[in-house]
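Next comes coords_27.pdb, a file with PDB, C-alpha atoms.
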```
ATOM      1  CA  MET A   1       0.000   0.000   0.000  1.00  0.00           C
ATOM      2  CA  THR A   2       1.377   3.398  -0.987  1.00  0.00           C
ATOM      3  CA  SER A   3       1.839   6.120   1.618  1.00  0.00           C
ATOM      4  CA  MET A   4      -1.012   8.050   0.013  1.00  0.00           C
ATOM      5  CA  ARG A   5      -3.451   5.170   0.306  1.00  0.00           C
ATOM      6  CA  PHE A   6      -2.299   4.389   3.840  1.00  0.00           C
ATOM      7  CA  TYR A   7      -2.881   8.013   4.847  1.00  0.00           C
ATOM      8  CA  ALA A   8      -6.285   8.068   3.136  1.00  0.00           C
ATOM      9  CA  THR A   9      -7.291   4.801   4.806  1.00  0.00           C
ATOM     10  CA  ALA A  10      -6.403   6.197   8.227  1.00  0.00           C
ATOM     11  CA  GLY A  11      -8.278   9.387   7.387  1.00  0.00           C
ATOM     12  CA  ALA A  12     -11.350   7.454   6.250  1.00  0.00           C
ATOM     13  CA  VAL A  13     -11.426   5.326   9.406  1.00  0.00           C
ATOM     14  CA  LEU A  14     -11.031   8.358  11.656  1.00  0.00           C
ATOM     15  CA  SER A  15     -13.629  10.405   9.767  1.00  0.00           C
ATOM     16  CA  TRP A  16     -16.287   7.687   9.760  1.00  0.00           C
ATOM     17  CA  PHE A  17     -15.587   6.942  13.422  1.00  0.00           C
ATOM     18  CA  ALA A  18     -16.043  10.604  14.382  1.00  0.00           C
ATOM     19  CA  LEU A  19     -19.270  10.930  12.406  1.00  0.00           C
ATOM     20  CA  LEU A  20     -20.771   7.738  13.822  1.00  0.00           C
ATOM     21  CA  LEU A  21     -19.690   8.688  17.335  1.00  0.00           C
ATOM     22  CA  GLN A  22     -21.366  12.091  17.040  1.00  0.00           C
ATOM     23  CA  LEU A  23     -24.539  10.543  15.643  1.00  0.00           C
ATOM     24  CA  GLY A  24     -24.557   7.955  18.428  1.00  0.00           C
ATOM     25  CA  LEU A  25     -24.172  10.643  21.089  1.00  0.00           C
ATOM     26  CA  MET A  26     -27.042  12.637  19.664  1.00  0.00           C
ATOM     27  CA  LEU A  27     -29.285   9.582  19.385  1.00  0.00           C
ATOM     28  CA  ALA A  28     -28.463   8.626  22.985  1.00  0.00           C
ATOM     29  CA  GLN A  29     -29.925  11.966  24.103  1.00  0.00           C
ATOM     30  CA  SER A  30     -33.026  11.589  21.949  1.00  0.00           C
ATOM     31  CA  PRO A  31     -36.315  10.081  23.181  1.00  0.00           C
ATOM     32  CA  ALA A  32     -36.612   6.504  21.952  1.00  0.00           C
ATOM     33  CA  HIS A  33     -39.512   6.829  19.549  1.00  0.00           C
ATOM     34  CA  GLY A  34     -39.640   7.099  15.795  1.00  0.00           C
ATOM     35  CA  ALA A  35     -40.462  10.768  15.324  1.00  0.00           C
ATOM     36  CA  ALA A  36     -37.802  11.910  17.815  1.00  0.00           C
ATOM     37  CA  ILE A  37     -35.156   9.650  16.299  1.00  0.00           C
ATOM     38  CA  LEU A  38     -35.962  10.907  12.793  1.00  0.00           C
ATOM     39  CA  GLY A  39     -35.800  14.486  14.045  1.00  0.00           C
ATOM     40  CA  THR A  40     -32.400  13.836  15.608  1.00  0.00           C
ATOM     41  CA  VAL A  41     -31.053  12.352  12.381  1.00  0.00           C
ATOM     42  CA  ILE A  42     -32.332  15.368  10.426  1.00  0.00           C
ATOM     43  CA  THR A  43     -30.707  17.695  12.952  1.00  0.00           C
ATOM     44  CA  PHE A  44     -27.450  15.744  12.678  1.00  0.00           C
ATOM     45  CA  PHE A  45     -27.361  16.256   8.920  1.00  0.00           C
ATOM     46  CA  SER A  46     -28.270  19.932   9.323  1.00  0.00           C
ATOM     47  CA  PHE A  47     -24.838  20.873  10.661  1.00  0.00           C
ATOM     48  CA  PHE A  48     -22.309  22.177   8.136  1.00  0.00           C
ATOM     49  CA  THR A  49     -19.633  20.482  10.250  1.00  0.00           C
ATOM     50  CA  VAL A  50     -21.236  17.084   9.784  1.00  0.00           C
ATOM     51  CA  LEU A  51     -21.901  17.473   6.067  1.00  0.00           C
ATOM     52  CA  THR A  52     -18.366  18.697   5.390  1.00  0.00           C
ATOM     53  CA  ASN A  53     -16.739  15.959   7.455  1.00  0.00           C
ATOM     54  CA  LEU A  54     -18.916  13.504   5.527  1.00  0.00           C
ATOM     55  CA  PHE A  55     -17.564  15.046   2.314  1.00  0.00           C
ATOM     56  CA  VAL A  56     -13.997  14.561   3.578  1.00  0.00           C
ATOM     57  CA  ALA A  57     -14.768  10.986   4.639  1.00  0.00           C
ATOM     58  CA  LEU A  58     -16.008  10.207   1.117  1.00  0.00           C
ATOM     59  CA  VAL A  59     -12.858  11.706  -0.422  1.00  0.00           C
ATOM     60  CA  PHE A  60     -10.626   9.654   1.865  1.00  0.00           C
ATOM     61  CA  THR A  61     -12.671   6.517   1.148  1.00  0.00           C
ATOM     62  CA  ALA A  62     -12.529   7.014  -2.625  1.00  0.00           C
ATOM     63  CA  VAL A  63      -8.746   7.423  -2.490  1.00  0.00           C
ATOM     64  CA  ALA A  64      -8.176   4.561  -0.047  1.00  0.00           C
ATOM     65  CA  PHE A  65     -10.240   1.961  -1.907  1.00  0.00           C
ATOM     66  CA  ARG A  66      -9.653   3.194  -5.467  1.00  0.00           C
ATOM     67  CA  SER A  67     -13.292   2.609  -6.356  1.00  0.00           C
ATOM     68  CA  SER A  68     -13.761   2.714 -10.133  1.00  0.00           C
ATOM     69  CA  GLY A  69     -17.408   3.785 -10.124  1.00  0.00           C
ATOM     70  CA  GLN A  70     -18.578   7.262 -11.034  1.00  0.00           C
ATOM     71  CA  LEU A  71     -18.900   8.286  -7.378  1.00  0.00           C
ATOM     72  CA  GLY A  72     -15.323   7.251  -6.622  1.00  0.00           C
ATOM     73  CA  GLN A  73     -14.049   9.072  -9.686  1.00  0.00           C
ATOM     74  CA  PHE A  74     -15.975  12.182  -8.676  1.00  0.00           C
ATOM     75  CA  PHE A  75     -14.370  12.341  -5.224  1.00  0.00           C
ATOM     76  CA  ARG A  76     -10.901  11.881  -6.716  1.00  0.00           C
ATOM     77  CA  ARG A  77     -11.204  14.870  -9.044  1.00  0.00           C
ATOM     78  CA  PRO A  78      -8.690  17.643  -8.334  1.00  0.00           C
ATOM     79  CA  ALA A  79     -11.348  20.360  -8.104  1.00  0.00           C
ATOM     80  CA  VAL A  80     -13.488  18.280  -5.734  1.00  0.00           C
ATOM     81  CA  GLN A  81     -10.591  17.511  -3.407  1.00  0.00           C
ATOM     82  CA  ALA A  82      -9.450  21.146  -3.463  1.00  0.00           C
ATOM     83  CA  SER A  83     -12.967  22.361  -2.661  1.00  0.00           C
ATOM     84  CA  ALA A  84     -13.008  20.072   0.374  1.00  0.00           C
ATOM     85  CA  VAL A  85      -9.941  21.942   1.659  1.00  0.00           C
ATOM     86  CA  VAL A  86     -11.888  25.201   1.561  1.00  0.00           C
ATOM     87  CA  PHE A  87     -14.946  23.776   3.288  1.00  0.00           C
ATOM     88  CA  ILE A  88     -13.129  21.894   6.048  1.00  0.00           C
ATOM     89  CA  VAL A  89     -10.853  24.862   6.810  1.00  0.00           C
ATOM     90  CA  VAL A  90     -13.944  27.041   7.273  1.00  0.00           C
ATOM     91  CA  VAL A  91     -15.352  24.394   9.637  1.00  0.00           C
ATOM     92  CA  GLY A  92     -12.269  24.572  11.821  1.00  0.00           C
ATOM     93  CA  VAL A  93     -11.791  28.348  11.740  1.00  0.00           C
ATOM     94  CA  VAL A  94     -15.451  29.208  12.398  1.00  0.00           C
ATOM     95  CA  TYR A  95     -15.582  26.752  15.274  1.00  0.00           C
ATOM     96  CA  TRP A  96     -12.459  28.070  16.976  1.00  0.00           C
ATOM     97  CA  ARG A  97     -13.272  31.726  16.327  1.00  0.00           C
ATOM     98  CA  LEU A  98     -17.030  31.803  16.931  1.00  0.00           C
ATOM     99  CA  LEU A  99     -18.316  28.653  18.612  1.00  0.00           C
ATOM    100  CA  LYS A 100     -15.731  27.044  20.895  1.00  0.00           C
ATOM    101  CA  HIS A 101     -16.473  29.401  23.807  1.00  0.00           C
ATOM    102  CA  LEU A 102     -20.166  28.452  23.785  1.00  0.00           C
ATOM    103  CA  TRP A 103     -19.710  25.023  25.359  1.00  0.00           C
ATOM    104  CA  ASP A 104     -17.283  22.725  27.139  1.00  0.00           C
ATOM    105  CA  PRO A 105     -17.720  19.133  25.884  1.00  0.00           C
ATOM    106  CA  GLN A 106     -16.531  16.286  28.064  1.00  0.00           C
ATOM    107  CA  GLY A 107     -15.740  12.601  27.607  1.00  0.00           C
ATOM    108  CA  ALA A 108     -16.877  11.025  24.349  1.00  0.00           C
ATOM    109  CA  GLN A 109     -18.377  14.321  23.214  1.00  0.00           C
ATOM    110  CA  TRP A 110     -14.965  15.973  23.586  1.00  0.00           C
ATOM    111  CA  VAL A 111     -13.462  13.214  21.410  1.00  0.00           C
ATOM    112  CA  ALA A 112     -16.058  13.713  18.665  1.00  0.00           C
ATOM    113  CA  ASP A 113     -15.783  17.487  18.919  1.00  0.00           C
ATOM    114  CA  SER A 114     -11.985  17.467  18.682  1.00  0.00           C
ATOM    115  CA  LEU A 115     -11.955  15.111  15.717  1.00  0.00           C
ATOM    116  CA  LEU A 116     -14.633  16.890  13.714  1.00  0.00           C
ATOM    117  CA  HIS A 117     -13.442  20.442  14.311  1.00  0.00           C
ATOM    118  CA  THR A 118      -9.678  20.126  14.711  1.00  0.00           C
ATOM    119  CA  TRP A 119      -7.893  16.897  13.838  1.00  0.00           C
ATOM    120  CA  ILE A 120      -9.786  15.898  10.715  1.00  0.00           C
ATOM    121  CA  PRO A 121      -9.564  19.425   9.249  1.00  0.00           C
ATOM    122  CA  LEU A 122      -5.825  19.527   9.952  1.00  0.00           C
ATOM    123  CA  GLY A 123      -5.361  15.992   8.664  1.00  0.00           C
ATOM    124  CA  TYR A 124      -7.224  16.645   5.440  1.00  0.00           C
ATOM    125  CA  VAL A 125      -5.324  19.848   4.698  1.00  0.00           C
ATOM    126  CA  LEU A 126      -2.054  17.960   5.216  1.00  0.00           C
ATOM    127  CA  TYR A 127      -3.292  15.146   2.950  1.00  0.00           C
ATOM    128  CA  TRP A 128      -4.079  17.632   0.201  1.00  0.00           C
ATOM    129  CA  PHE A 129      -0.703  19.344   0.453  1.00  0.00           C
ATOM    130  CA  LEU A 130       1.172  16.043   0.371  1.00  0.00           C
ATOM    131  CA  PHE A 131      -0.891  13.902  -1.971  1.00  0.00           C
ATOM    132  CA  GLY A 132      -3.929  15.697  -3.356  1.00  0.00           C
ATOM    133  CA  PRO A 133      -4.259  16.008  -7.146  1.00  0.00           C
ATOM    134  CA  LYS A 134      -3.814  19.609  -8.234  1.00  0.00           C
ATOM    135  CA  ALA A 135      -3.787  19.563 -12.039  1.00  0.00           C
ATOM    136  CA  GLY A 136      -6.299  21.672 -13.895  1.00  0.00           C
ATOM    137  CA  LEU A 137      -7.537  23.902 -11.076  1.00  0.00           C
ATOM    138  CA  ARG A 138      -9.147  27.005 -12.571  1.00  0.00           C
ATOM    139  CA  TRP A 139      -9.814  30.392 -10.987  1.00  0.00           C
ATOM    140  CA  PRO A 140     -13.587  30.210 -11.661  1.00  0.00           C
ATOM    141  CA  ASP A 141     -13.703  27.036  -9.533  1.00  0.00           C
ATOM    142  CA  ALA A 142     -13.553  29.225  -6.419  1.00  0.00           C
ATOM    143  CA  PHE A 143     -16.933  30.686  -7.323  1.00  0.00           C
ATOM    144  CA  THR A 144     -18.454  27.415  -8.518  1.00  0.00           C
ATOM    145  CA  TRP A 145     -17.672  25.999  -5.064  1.00  0.00           C
ATOM    146  CA  LEU A 146     -19.972  28.609  -3.510  1.00  0.00           C
ATOM    147  CA  ALA A 147     -22.916  26.444  -4.617  1.00  0.00           C
ATOM    148  CA  TYR A 148     -22.443  24.129  -1.627  1.00  0.00           C
ATOM    149  CA  PRO A 149     -22.565  26.757   1.160  1.00  0.00           C
ATOM    150  CA  GLY A 150     -25.226  28.641  -0.810  1.00  0.00           C
ATOM    151  CA  ILE A 151     -27.548  25.640  -1.002  1.00  0.00           C
ATOM    152  CA  TYR A 152     -26.806  24.876   2.648  1.00  0.00           C
ATOM    153  CA  LEU A 153     -27.796  28.419   3.662  1.00  0.00           C
ATOM    154  CA  VAL A 154     -31.094  28.171   1.783  1.00  0.00           C
ATOM    155  CA  TYR A 155     -31.786  24.831   3.480  1.00  0.00           C
ATOM    156  CA  ILE A 156     -31.100  25.954   7.052  1.00  0.00           C
ATOM    157  CA  LEU A 157     -33.113  29.154   6.621  1.00  0.00           C
ATOM    158  CA  ALA A 158     -36.051  27.217   5.172  1.00  0.00           C
ATOM    159  CA  ARG A 159     -35.835  24.608   7.920  1.00  0.00           C
ATOM    160  CA  GLY A 160     -35.511  27.309  10.558  1.00  0.00           C
ATOM    161  CA  ALA A 161     -38.545  29.161   9.234  1.00  0.00           C
ATOM    162  CA  ALA A 162     -40.557  25.945   9.501  1.00  0.00           C
ATOM    163  CA  SER A 163     -39.216  24.644  12.830  1.00  0.00           C
ATOM    164  CA  GLY A 164     -37.589  27.583  14.613  1.00  0.00           C
ATOM    165  CA  LEU A 165     -34.376  25.557  14.838  1.00  0.00           C
ATOM    166  CA  TYR A 166     -31.095  26.970  13.564  1.00  0.00           C
ATOM    167  CA  PRO A 167     -27.807  25.033  13.772  1.00  0.00           C
ATOM    168  CA  TYR A 168     -25.565  28.028  14.560  1.00  0.00           C
ATOM    169  CA  PRO A 169     -26.168  31.246  16.519  1.00  0.00           C
ATOM    170  CA  PHE A 170     -24.871  33.508  13.752  1.00  0.00           C
ATOM    171  CA  VAL A 171     -27.674  32.319  11.428  1.00  0.00           C
ATOM    172  CA  ASP A 172     -30.437  32.330  14.058  1.00  0.00           C
ATOM    173  CA  VAL A 173     -33.103  34.518  12.459  1.00  0.00           C
ATOM    174  CA  THR A 174     -35.210  34.382  15.624  1.00  0.00           C
ATOM    175  CA  GLU A 175     -32.492  36.181  17.590  1.00  0.00           C
ATOM    176  CA  LEU A 176     -30.810  38.273  14.903  1.00  0.00           C
ATOM    177  CA  GLY A 177     -33.373  38.916  12.205  1.00  0.00           C
ATOM    178  CA  TYR A 178     -32.867  38.310   8.496  1.00  0.00           C
ATOM    179  CA  GLY A 179     -30.842  41.471   7.957  1.00  0.00           C
ATOM    180  CA  ARG A 180     -27.991  40.512  10.290  1.00  0.00           C
ATOM    181  CA  VAL A 181     -28.129  36.885   9.184  1.00  0.00           C
ATOM    182  CA  PHE A 182     -27.694  37.904   5.534  1.00  0.00           C
ATOM    183  CA  VAL A 183     -24.774  40.147   6.498  1.00  0.00           C
ATOM    184  CA  HIS A 184     -23.139  37.177   8.249  1.00  0.00           C
ATOM    185  CA  ALA A 185     -23.909  34.962   5.255  1.00  0.00           C
ATOM    186  CA  GLY A 186     -22.370  37.511   2.885  1.00  0.00           C
ATOM    187  CA  LEU A 187     -19.197  37.697   4.965  1.00  0.00           C
ATOM    188  CA  LEU A 188     -18.958  33.921   4.995  1.00  0.00           C
ATOM    189  CA  MET A 189     -19.419  33.777   1.225  1.00  0.00           C
ATOM    190  CA  LEU A 190     -16.578  36.271   0.838  1.00  0.00           C
ATOM    191  CA  ALA A 191     -14.451  34.078   3.101  1.00  0.00           C
ATOM    192  CA  PHE A 192     -15.308  30.973   1.067  1.00  0.00           C
ATOM    193  CA  SER A 193     -14.469  32.639  -2.241  1.00  0.00           C
ATOM    194  CA  GLY A 194     -11.272  34.246  -0.929  1.00  0.00           C
ATOM    195  CA  LEU A 195     -10.061  31.004   0.583  1.00  0.00           C
ATOM    196  CA  GLY A 196     -10.997  29.205  -2.623  1.00  0.00           C
ATOM    197  CA  LEU A 197      -8.767  31.524  -4.627  1.00  0.00           C
ATOM    198  CA  VAL A 198      -5.920  30.948  -2.158  1.00  0.00           C
ATOM    199  CA  VAL A 199      -6.305  27.163  -2.440  1.00  0.00           C
ATOM    200  CA  ILE A 200      -6.342  27.343  -6.238  1.00  0.00           C
ATOM    201  CA  ALA A 201      -3.215  29.525  -6.221  1.00  0.00           C
ATOM    202  CA  LEU A 202      -1.465  27.040  -3.930  1.00  0.00           C
ATOM    203  CA  GLY A 203      -2.611  24.111  -6.060  1.00  0.00           C
ATOM    204  CA  ARG A 204      -1.311  25.688  -9.247  1.00  0.00           C
ATOM    205  CA  ALA A 205       2.008  26.465  -7.546  1.00  0.00           C
ATOM    206  CA  LEU A 206       2.346  22.964  -6.080  1.00  0.00           C
ATOM    207  CA  GLU A 207       1.068  21.052  -9.118  1.00  0.00           C
ATOM    208  CA  ARG A 208       3.050  17.894  -9.770  1.00  0.00           C
ATOM    209  CA  PRO A 209       1.673  15.898 -12.739  1.00  0.00           C
ATOM    210  CA  ASP A 210       3.299  12.702 -11.514  1.00  0.00           C
ATOM    211  CA  LYS A 211       1.297  12.878  -8.289  1.00  0.00           C
ATOM    212  CA  GLU A 212      -2.134  13.135  -9.882  1.00  0.00           C
ATOM    213  CA  LEU A 213      -4.637  10.385  -9.230  1.00  0.00           C
ATOM    214  CA  PRO A 214      -5.953   8.434 -12.232  1.00  0.00           C
ATOM    215  CA  ASP A 215      -9.702   8.085 -12.537  1.00  0.00           C
ATOM    216  CA  ALA A 216      -9.699   4.277 -12.611  1.00  0.00           C
TER
END
```
Reformat the file's structure so that it appears as structure tokens.
Amino acid sequence: MTSMRFYATAGAVLSWFALLLQLGLMLAQSPAHGAAILGTVITFFSFFTVLTNLFVALVFTAVAFRSSGQLGQFFRRPAVQASAVVFIVVVGVVYWRLLKHLWDPQGAQWVADSLLHTWIPLGYVLYWFLFGPKAGLRWPDAFTWLAYPGIYLVYILARGAASGLYPYPFVDVTELGYGRVFVHAGLLMLAFSGLGLVVIALGRALERPDKELPDA
């Protein structure tokens, strides 16, 4: 097994473990009936942290197992792997800058929290620098990548309007109103696009054709 595949395998195992641990912790706190369990699962998948760590887990899995199907090829594309750098970096930075002071997780929750917000983001960025395919990254990609956080924003605002539940305090319309929430969203979009341009610039500077991953 090459060092790249070994690293990706370790990353996949750690990512899936962290996601399943977090889901298990949330389900353990949920009432044991169908509607509550379904609501907990929906809430779990309503966190940008969870969705982005799931994205990273799928990238690691596609690299580790060299799956030849269309899904595996998709997650091995240079632009897809570079976009994951942008998204997972935002997860870590937003958590440490805006959210960490809001709670003090203990025990198993501390393990899940540390993995999802710190170690997996750091590990994925290191993977991309060392092994990630970088050929063909284009400047417009940085703006194409905004589709993911844009769709996510629409989803959480629609869900919040229907349920009153918002995953993060800086998008809580009930407390802040739509005006402030849209200002926060605009600032985050600027951060996503700026970081995307930085990642593309780094990828173009670090591009090594011999390190690119074949599709099959």
What do you get, as a VMD selection string, if you spell out every residue that the PyMOL selection byres ((chain A and resi 25-29) around 12) selects here? chain A and resid 18 to 24 30 to 45 105 to 113
What does the PyMOL selection byres ((chain A and resi 121) around 12) select in this file, as a PDB file with C-alpha atoms, keeping the file's coordinate frame?
```pdb
ATOM      1  CA  GLY A  11      -8.278   9.387   7.387  1.00  0.00           C
ATOM      2  CA  LEU A  14     -11.031   8.358  11.656  1.00  0.00           C
ATOM      3  CA  SER A  15     -13.629  10.405   9.767  1.00  0.00           C
ATOM      4  CA  THR A  49     -19.633  20.482  10.250  1.00  0.00           C
ATOM      5  CA  VAL A  50     -21.236  17.084   9.784  1.00  0.00           C
ATOM      6  CA  THR A  52     -18.366  18.697   5.390  1.00  0.00           C
ATOM      7  CA  ASN A  53     -16.739  15.959   7.455  1.00  0.00           C
ATOM      8  CA  LEU A  54     -18.916  13.504   5.527  1.00  0.00           C
ATOM      9  CA  PHE A  55     -17.564  15.046   2.314  1.00  0.00           C
ATOM     10  CA  VAL A  56     -13.997  14.561   3.578  1.00  0.00           C
ATOM     11  CA  ALA A  57     -14.768  10.986   4.639  1.00  0.00           C
ATOM     12  CA  ALA A  84     -13.008  20.072   0.374  1.00  0.00           C
ATOM     13  CA  VAL A  85      -9.941  21.942   1.659  1.00  0.00           C
ATOM     14  CA  VAL A  86     -11.888  25.201   1.561  1.00  0.00           C
ATOM     15  CA  PHE A  87     -14.946  23.776   3.288  1.00  0.00           C
ATOM     16  CA  ILE A  88     -13.129  21.894   6.048  1.00  0.00           C
ATOM     17  CA  VAL A  89     -10.853  24.862   6.810  1.00  0.00           C
ATOM     18  CA  VAL A  90     -13.944  27.041   7.273  1.00  0.00           C
ATOM     19  CA  VAL A  91     -15.352  24.394   9.637  1.00  0.00           C
ATOM     20  CA  GLY A  92     -12.269  24.572  11.821  1.00  0.00           C
ATOM     21  CA  VAL A  93     -11.791  28.348  11.740  1.00  0.00           C
ATOM     22  CA  VAL A  94     -15.451  29.208  12.398  1.00  0.00           C
ATOM     23  CA  TYR A  95     -15.582  26.752  15.274  1.00  0.00           C
ATOM     24  CA  TRP A  96     -12.459  28.070  16.976  1.00  0.00           C
ATOM     25  CA  ASP A 113     -15.783  17.487  18.919  1.00  0.00           C
ATOM     26  CA  SER A 114     -11.985  17.467  18.682  1.00  0.00           C
ATOM     27  CA  LEU A 115     -11.955  15.111  15.717  1.00  0.00           C
ATOM     28  CA  LEU A 116     -14.633  16.890  13.714  1.00  0.00           C
ATOM     29  CA  HIS A 117     -13.442  20.442  14.311  1.00  0.00           C
ATOM     30  CA  THR A 118      -9.678  20.126  14.711  1.00  0.00           C
ATOM     31  CA  TRP A 119      -7.893  16.897  13.838  1.00  0.00           C
ATOM     32  CA  ILE A 120      -9.786  15.898  10.715  1.00  0.00           C
ATOM     33  CA  LEU A 122      -5.825  19.527   9.952  1.00  0.00           C
ATOM     34  CA  GLY A 123      -5.361  15.992   8.664  1.00  0.00           C
ATOM     35  CA  TYR A 124      -7.224  16.645   5.440  1.00  0.00           C
ATOM     36  CA  VAL A 125      -5.324  19.848   4.698  1.00  0.00           C
ATOM     37  CA  LEU A 126      -2.054  17.960   5.216  1.00  0.00           C
ATOM     38  CA  TYR A 127      -3.292  15.146   2.950  1.00  0.00           C
ATOM     39  CA  TRP A 128      -4.079  17.632   0.201  1.00  0.00           C
TER      40      TRP A 128
END
```
Return as a PyMOL selection string the set of residues that the PyMOL selection byres ((chain A and resi 193) around 8) yields on the displayed structure. chain A and resi 142-143+145-146+189-192+194-197
Please, what distance in Å, to one decimal, runs between CA of Leu206 (chain A) and CA of Pro140 (chain A)?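 Taking CA of Leu206 (chain A) and CA of Pro140 (chain A), their separation equals 18.4 Å.
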Atom pair CA of Gly69 (chain A) / CA of Ala147 (chain A): separation (Å):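 CA of Ala147 (chain A) lies at a distance of 24.0 Å from CA of Gly69 (chain A).
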Give me the residues near Val80 (chain A) as a VMD selection string, where near means some atom within 12 Å (using only C-alpha atoms) and where sequence neighbours in that chain fewer than 6 positions away do not count. chain A and resid 55 to 56 58 to 60 62 71 to 74 86 to 87 128 132 to 138 141 to 142 144 to 145 148 196 199 to 200
Quote the spacing between CA of Leu98 (chain A) and CA of Tyr168 (chain A) in Å to one decimal place.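 Spanning CA of Leu98 (chain A) to CA of Tyr168 (chain A) is a straight-line distance of 9.6 Å.
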At a cut-off of 7 Å, using all atoms listed in the file, what residues contact region 1-6 of chain A? Leave out same-chain residues fewer than 3 positions from it and give the result as a ChimeraX atom specification. /A:9-10,63-64,131
Non-local contacts of Phe170 (chain A) (8 Å; only C-alpha atoms; under 6 positions in same chain excluded) as a PyMOL selection string: chain A and resi 176+181+184
Please output region 44-57 of chain A, rebuilt to include N, CA and C atoms, as a short mmCIF file (atom, residue, chain, number, x, y, z; two decimals), keeping the file's coordinate frame.
```cif
data_model
loop_
_atom_site.label_atom_id
_atom_site.label_comp_id
_atom_site.auth_asym_id
_atom_site.auth_seq_id
_atom_site.Cartn_x
_atom_site.Cartn_y
_atom_site.Cartn_z
N PHE A 44 -28.84 16.15 12.88
CA PHE A 44 -27.45 15.74 12.68
C PHE A 44 -26.95 16.17 11.30
N PHE A 45 -27.75 15.92 10.28
CA PHE A 45 -27.36 16.26 8.92
C PHE A 45 -27.63 17.72 8.57
N SER A 46 -28.05 18.51 9.55
CA SER A 46 -28.27 19.93 9.32
C SER A 46 -27.09 20.78 9.77
N PHE A 47 -26.04 20.15 10.26
CA PHE A 47 -24.84 20.87 10.66
C PHE A 47 -23.84 20.88 9.50
N PHE A 48 -23.33 22.06 9.18
CA PHE A 48 -22.31 22.18 8.14
C PHE A 48 -21.08 21.35 8.50
N THR A 49 -20.76 21.30 9.79
CA THR A 49 -19.63 20.48 10.25
C THR A 49 -19.80 19.03 9.85
N VAL A 50 -20.98 18.49 10.09
CA VAL A 50 -21.24 17.08 9.78
C VAL A 50 -21.19 16.83 8.28
N LEU A 51 -21.87 17.67 7.52
CA LEU A 51 -21.90 17.47 6.07
C LEU A 51 -20.50 17.57 5.46
N THR A 52 -19.70 18.51 5.96
CA THR A 52 -18.37 18.70 5.39
C THR A 52 -17.43 17.58 5.81
N ASN A 53 -17.54 17.11 7.05
CA ASN A 53 -16.74 15.96 7.46
C ASN A 53 -17.17 14.71 6.70
N LEU A 54 -18.45 14.61 6.37
CA LEU A 54 -18.92 13.50 5.53
C LEU A 54 -18.29 13.61 4.13
N PHE A 55 -18.21 14.80 3.60
CA PHE A 55 -17.56 15.05 2.31
C PHE A 55 -16.11 14.58 2.36
N VAL A 56 -15.40 14.97 3.41
CA VAL A 56 -14.00 14.56 3.58
C VAL A 56 -13.88 13.05 3.72
N ALA A 57 -14.79 12.44 4.47
CA ALA A 57 -14.77 10.99 4.64
C ALA A 57 -14.94 10.29 3.30
#
```
